[in-house]
file upload.pdb (PDB, C-alpha atoms, pLDDT in the B column)
MODEL        1
ATOM      1  CA  MET K 178     -26.993  31.380 -44.137  1.00 43.00           C
ATOM      2  CA  LEU K 179     -29.566  30.991 -41.457  1.00 44.00           C
ATOM      3  CA  ALA K 180     -30.628  27.660 -42.822  1.00 46.00           C
ATOM      4  CA  ILE K 181     -27.034  26.401 -42.674  1.00 45.00           C
ATOM      5  CA  SER K 182     -26.645  27.757 -39.183  1.00 45.00           C
ATOM      6  CA  GLY K 183     -29.881  26.062 -38.109  1.00 44.00           C
ATOM      7  CA  HIS K 184     -28.698  22.827 -39.694  1.00 45.00           C
ATOM      8  CA  LEU K 185     -25.395  22.993 -37.790  1.00 44.00           C
ATOM      9  CA  ASP K 186     -27.238  23.608 -34.543  1.00 44.00           C
ATOM     10  CA  SER K 187     -29.328  20.480 -35.036  1.00 44.00           C
ATOM     11  CA  ASP K 188     -26.154  18.494 -35.747  1.00 46.00           C
ATOM     12  CA  ASP K 189     -24.712  19.769 -32.485  1.00 49.00           C
ATOM     13  CA  ASP K 190     -27.815  18.568 -30.625  1.00 54.00           C
ATOM     14  CA  SER K 191     -27.678  15.126 -32.227  1.00 59.00           C
ATOM     15  CA  GLY K 192     -23.919  15.106 -31.736  1.00 64.00           C
ATOM     16  CA  SER K 193     -24.287  15.734 -28.026  1.00 75.00           C
ATOM     17  CA  GLY K 194     -26.918  12.984 -27.851  1.00 77.00           C
ATOM     18  CA  SER K 195     -24.503  10.749 -29.691  1.00 86.00           C
ATOM     19  CA  LEU K 196     -21.760  11.689 -27.249  1.00 86.00           C
ATOM     20  CA  VAL K 197     -24.027  10.844 -24.317  1.00 88.00           C
ATOM     21  CA  GLY K 198     -24.736   7.477 -25.942  1.00 90.00           C
ATOM     22  CA  ILE K 199     -21.030   6.860 -26.449  1.00 95.00           C
ATOM     23  CA  ASP K 200     -20.324   7.908 -22.863  1.00 95.00           C
ATOM     24  CA  ASN K 201     -22.976   5.467 -21.637  1.00 95.00           C
ATOM     25  CA  LYS K 202     -21.504   2.649 -23.709  1.00 96.00           C
ATOM     26  CA  ILE K 203     -18.019   3.452 -22.421  1.00 97.00           C
ATOM     27  CA  GLU K 204     -19.320   3.440 -18.849  1.00 97.00           C
ATOM     28  CA  GLN K 205     -21.066   0.099 -19.425  1.00 97.00           C
ATOM     29  CA  ALA K 206     -17.892  -1.359 -20.916  1.00 98.00           C
ATOM     30  CA  MET K 207     -15.853  -0.109 -17.968  1.00 98.00           C
ATOM     31  CA  ASP K 208     -18.383  -1.630 -15.541  1.00 98.00           C
ATOM     32  CA  LEU K 209     -18.152  -4.928 -17.404  1.00 98.00           C
ATOM     33  CA  VAL K 210     -14.350  -4.891 -17.256  1.00 98.00           C
ATOM     34  CA  LYS K 211     -14.507  -4.010 -13.561  1.00 98.00           C
ATOM     35  CA  SER K 212     -16.882  -6.887 -12.793  1.00 98.00           C
ATOM     36  CA  HIS K 213     -14.695  -9.344 -14.746  1.00 98.00           C
ATOM     37  CA  LEU K 214     -11.601  -8.155 -12.897  1.00 98.00           C
ATOM     38  CA  MET K 215     -13.331  -8.391  -9.530  1.00 98.00           C
ATOM     39  CA  PHE K 216     -14.461 -11.933 -10.342  1.00 98.00           C
ATOM     40  CA  ALA K 217     -10.919 -12.912 -11.382  1.00 98.00           C
ATOM     41  CA  VAL K 218      -9.458 -11.373  -8.226  1.00 98.00           C
ATOM     42  CA  ARG K 219     -11.984 -13.162  -5.992  1.00 98.00           C
ATOM     43  CA  GLU K 220     -11.161 -16.447  -7.712  1.00 98.00           C
ATOM     44  CA  GLU K 221      -7.434 -15.885  -7.244  1.00 98.00           C
ATOM     45  CA  VAL K 222      -7.946 -14.974  -3.578  1.00 98.00           C
ATOM     46  CA  GLU K 223      -9.820 -18.238  -2.995  1.00 98.00           C
ATOM     47  CA  VAL K 224      -7.024 -20.232  -4.669  1.00 98.00           C
ATOM     48  CA  LEU K 225      -4.403 -18.458  -2.570  1.00 98.00           C
ATOM     49  CA  LYS K 226      -6.384 -18.993   0.651  1.00 98.00           C
ATOM     50  CA  GLU K 227      -6.559 -22.714  -0.131  1.00 98.00           C
ATOM     51  CA  GLN K 228      -2.811 -22.826  -0.809  1.00 98.00           C
ATOM     52  CA  ILE K 229      -2.147 -21.045   2.489  1.00 98.00           C
ATOM     53  CA  ARG K 230      -4.320 -23.569   4.354  1.00 98.00           C
ATOM     54  CA  ASP K 231      -2.515 -26.480   2.678  1.00 98.00           C
ATOM     55  CA  LEU K 232       0.906 -25.009   3.413  1.00 98.00           C
ATOM     56  CA  ALA K 233      -0.009 -24.293   7.038  1.00 98.00           C
ATOM     57  CA  GLU K 234      -1.152 -27.905   7.481  1.00 98.00           C
ATOM     58  CA  ARG K 235       2.009 -29.218   5.845  1.00 98.00           C
ATOM     59  CA  ASN K 236       4.152 -26.921   7.986  1.00 98.00           C
ATOM     60  CA  ALA K 237       2.466 -28.149  11.166  1.00 98.00           C
ATOM     61  CA  ALA K 238       2.974 -31.783  10.149  1.00 98.00           C
ATOM     62  CA  LEU K 239       6.641 -31.164   9.308  1.00 98.00           C
ATOM     63  CA  GLU K 240       7.222 -29.348  12.606  1.00 98.00           C
ATOM     64  CA  GLN K 241       5.677 -32.287  14.459  1.00 98.00           C
ATOM     65  CA  GLU K 242       7.819 -34.754  12.514  1.00 97.00           C
ATOM     66  CA  ASN K 243      10.914 -32.626  13.143  1.00 96.00           C
ATOM     67  CA  GLY K 244      10.207 -32.550  16.872  1.00 95.00           C
ATOM     68  CA  LEU K 245       9.750 -36.318  16.961  1.00 96.00           C
ATOM     69  CA  LEU K 246      12.959 -36.954  15.006  1.00 95.00           C
ATOM     70  CA  ARG K 247      14.917 -34.580  17.224  1.00 93.00           C
ATOM     71  CA  ALA K 248      13.556 -36.293  20.328  1.00 95.00           C
ATOM     72  CA  LEU K 249      14.662 -39.698  18.989  1.00 95.00           C
ATOM     73  CA  ALA K 250      18.075 -38.518  17.771  1.00 93.00           C
ATOM     74  CA  SER K 251      21.194 -38.947  19.858  1.00 93.00           C
ATOM     75  CA  PRO K 252      23.088 -35.876  21.085  1.00 92.00           C
ATOM     76  CA  GLU K 253      25.894 -36.733  18.640  1.00 92.00           C
ATOM     77  CA  GLN K 254      23.439 -36.718  15.729  1.00 91.00           C
ATOM     78  CA  LEU K 255      21.967 -33.428  16.887  1.00 89.00           C
ATOM     79  CA  ALA K 256      25.452 -31.925  17.135  1.00 91.00           C
ATOM     80  CA  GLN K 257      26.008 -32.749  13.466  1.00 92.00           C
ATOM     81  CA  LEU K 258      22.963 -30.764  12.358  1.00 88.00           C
ATOM     82  CA  PRO K 259      23.724 -27.386  10.811  1.00 87.00           C
ATOM     83  CA  SER K 260      22.628 -24.485  12.964  1.00 77.00           C
ATOM     84  CA  SER K 261      19.897 -22.702  11.008  1.00 67.00           C
ATOM     85  CA  GLY K 262      18.529 -20.491  13.732  1.00 59.00           C
ATOM     86  CA  VAL K 263      15.686 -22.951  14.356  1.00 58.00           C
ATOM     87  CA  PRO K 264      15.377 -23.749  18.059  1.00 57.00           C
ATOM     88  CA  ARG K 265      16.257 -27.313  18.896  1.00 52.00           C
ATOM     89  CA  LEU K 266      13.660 -29.342  20.729  1.00 52.00           C
ATOM     90  CA  GLY K 267      15.970 -32.132  21.905  1.00 49.00           C
ATOM     91  CA  PRO K 268      18.529 -32.102  24.696  1.00 49.00           C
ATOM     92  CA  PRO K 269      21.315 -29.526  24.317  1.00 48.00           C
ATOM     93  CA  ALA K 270      24.433 -30.653  22.512  1.00 48.00           C
ATOM     94  CA  PRO K 271      27.248 -31.551  24.929  1.00 50.00           C
ATOM     95  CA  ASN K 272      30.048 -29.034  25.172  1.00 50.00           C
ATOM     96  CA  GLY K 273      33.661 -30.025  25.549  1.00 45.00           C
ATOM     97  CA  PRO K 274      35.684 -28.962  28.582  1.00 45.00           C
ATOM     98  CA  SER K 275      36.400 -25.260  28.687  1.00 46.00           C
ATOM     99  CA  ILE K 276      40.007 -24.187  28.785  1.00 42.00           C
TER     100      ILE K 276
ENDMDL
END
call {"tool": "encode", "arguments": {"input": "upload.pdb", "output": "structure tokens"}}
result
Amino acid sequence: MLAISGHLDSDDDSGSGSLVGIDNKIEQAMDLVKSHLMFAVREEVEVLKEQIRDLAERNAALEQENGLLRALASPEQLAQLPSSGVPRLGPPAPNGPSI
């Protein structure tokens, strides 16, 4: 009985060493996954920053073009534009006589 008990105790010791090894491998795998995710996120952030820069440049160019077109448009043409809440840069549309 003592021999069996001693044998079980040694299995417990090697089992705990095995568990520590498994824990270390799990930790390494989690670190690897974390580093891959961080790399992917950094890459995506760079792509999004570039898209934001491109869109900001395009927006500025379109605003400039819009201002130029509004400046060249006649008041009648401006009056035909739908009101979208965007401030008009040209002269105000003429109002009819008030009754």
call {"tool": "atom_distance", "arguments": {"input": "upload.pdb", "atom1": "CA of Ile203 (chain K)", "atom2": "CA of Glu221 (chain K)"}}
result
26.8 Å
call {"tool": "axis_aligned_box", "arguments": {"input": "upload.pdb", "around": "region 215-230 of chain K", "padding_each_side": "4 Å", "output": "AutoDock Vina command-line options"}}
result
--center_x -8.3 --center_y -16.0 --center_z -3.5 --size_x 20.3 --size_y 23.2 --size_z 23.7
call {"tool": "atom_distance", "arguments": {"input": "upload.pdb", "atom1": "CA of Ser193 (chain K)", "atom2": "CA of Asp208 (chain K)"}}
result
22.2 Å
call {"tool": "atom_distance", "arguments": {"input": "upload.pdb", "atom1": "CA of Arg230 (chain K)", "atom2": "CA of Val218 (chain K)"}}
result
18.3 Å
call {"tool": "build_atoms", "arguments": {"input": "upload.pdb", "residues": "region 200-218 of chain K", "atoms": "N, CA and C atoms", "output": "mmCIF file, in the frame of the given file"}}
result
data_model
loop_
_atom_site.group_PDB
_atom_site.id
_atom_site.type_symbol
_atom_site.label_atom_id
_atom_site.label_comp_id
_atom_site.auth_asym_id
_atom_site.auth_seq_id
_atom_site.Cartn_x
_atom_site.Cartn_y
_atom_site.Cartn_z
ATOM 1 N N ASP K 200 -20.749 7.885 -24.271
ATOM 2 C CA ASP K 200 -20.324 7.908 -22.863
ATOM 3 C C ASP K 200 -20.994 6.777 -22.084
ATOM 4 N N ASN K 201 -22.269 6.551 -22.330
ATOM 5 C CA ASN K 201 -22.976 5.467 -21.637
ATOM 6 C C ASN K 201 -22.390 4.114 -22.001
ATOM 7 N N LYS K 202 -22.086 3.926 -23.287
ATOM 8 C CA LYS K 202 -21.504 2.649 -23.709
ATOM 9 C C LYS K 202 -20.120 2.461 -23.108
ATOM 10 N N ILE K 203 -19.344 3.536 -23.040
ATOM 11 C CA ILE K 203 -18.019 3.452 -22.421
ATOM 12 C C ILE K 203 -18.157 3.094 -20.948
ATOM 13 N N GLU K 204 -19.099 3.725 -20.259
ATOM 14 C CA GLU K 204 -19.320 3.440 -18.849
ATOM 15 C C GLU K 204 -19.749 1.989 -18.649
ATOM 16 N N GLN K 205 -20.630 1.498 -19.528
ATOM 17 C CA GLN K 205 -21.066 0.099 -19.425
ATOM 18 C C GLN K 205 -19.895 -0.849 -19.654
ATOM 19 N N ALA K 206 -19.059 -0.519 -20.637
ATOM 20 C CA ALA K 206 -17.892 -1.359 -20.916
ATOM 21 C C ALA K 206 -16.931 -1.357 -19.736
ATOM 22 N N MET K 207 -16.737 -0.187 -19.132
ATOM 23 C CA MET K 207 -15.853 -0.109 -17.968
ATOM 24 C C MET K 207 -16.433 -0.903 -16.795
ATOM 25 N N ASP K 208 -17.742 -0.847 -16.597
ATOM 26 C CA ASP K 208 -18.383 -1.630 -15.541
ATOM 27 C C ASP K 208 -18.207 -3.125 -15.795
ATOM 28 N N LEU K 209 -18.325 -3.523 -17.052
ATOM 29 C CA LEU K 209 -18.152 -4.928 -17.404
ATOM 30 C C LEU K 209 -16.717 -5.381 -17.127
ATOM 31 N N VAL K 210 -15.756 -4.566 -17.510
ATOM 32 C CA VAL K 210 -14.350 -4.891 -17.256
ATOM 33 C C VAL K 210 -14.110 -4.970 -15.750
ATOM 34 N N LYS K 211 -14.668 -4.020 -15.010
ATOM 35 C CA LYS K 211 -14.507 -4.010 -13.561
ATOM 36 C C LYS K 211 -15.084 -5.278 -12.938
ATOM 37 N N SER K 212 -16.270 -5.690 -13.370
ATOM 38 C CA SER K 212 -16.882 -6.887 -12.793
ATOM 39 C C SER K 212 -16.076 -8.138 -13.145
ATOM 40 N N HIS K 213 -15.535 -8.199 -14.371
ATOM 41 C CA HIS K 213 -14.695 -9.344 -14.746
ATOM 42 C C HIS K 213 -13.419 -9.377 -13.904
ATOM 43 N N LEU K 214 -12.819 -8.211 -13.706
ATOM 44 C CA LEU K 214 -11.601 -8.155 -12.897
ATOM 45 C C LEU K 214 -11.882 -8.537 -11.452
ATOM 46 N N MET K 215 -12.975 -8.056 -10.911
ATOM 47 C CA MET K 215 -13.331 -8.391 -9.530
ATOM 48 C C MET K 215 -13.569 -9.896 -9.385
ATOM 49 N N PHE K 216 -14.228 -10.488 -10.366
ATOM 50 C CA PHE K 216 -14.461 -11.933 -10.342
ATOM 51 C C PHE K 216 -13.128 -12.680 -10.376
ATOM 52 N N ALA K 217 -12.223 -12.255 -11.258
ATOM 53 C CA ALA K 217 -10.919 -12.912 -11.382
ATOM 54 C C ALA K 217 -10.121 -12.769 -10.086
ATOM 55 N N VAL K 218 -10.181 -11.601 -9.477
ATOM 56 C CA VAL K 218 -9.458 -11.373 -8.226
ATOM 57 C C VAL K 218 -10.040 -12.241 -7.118
#
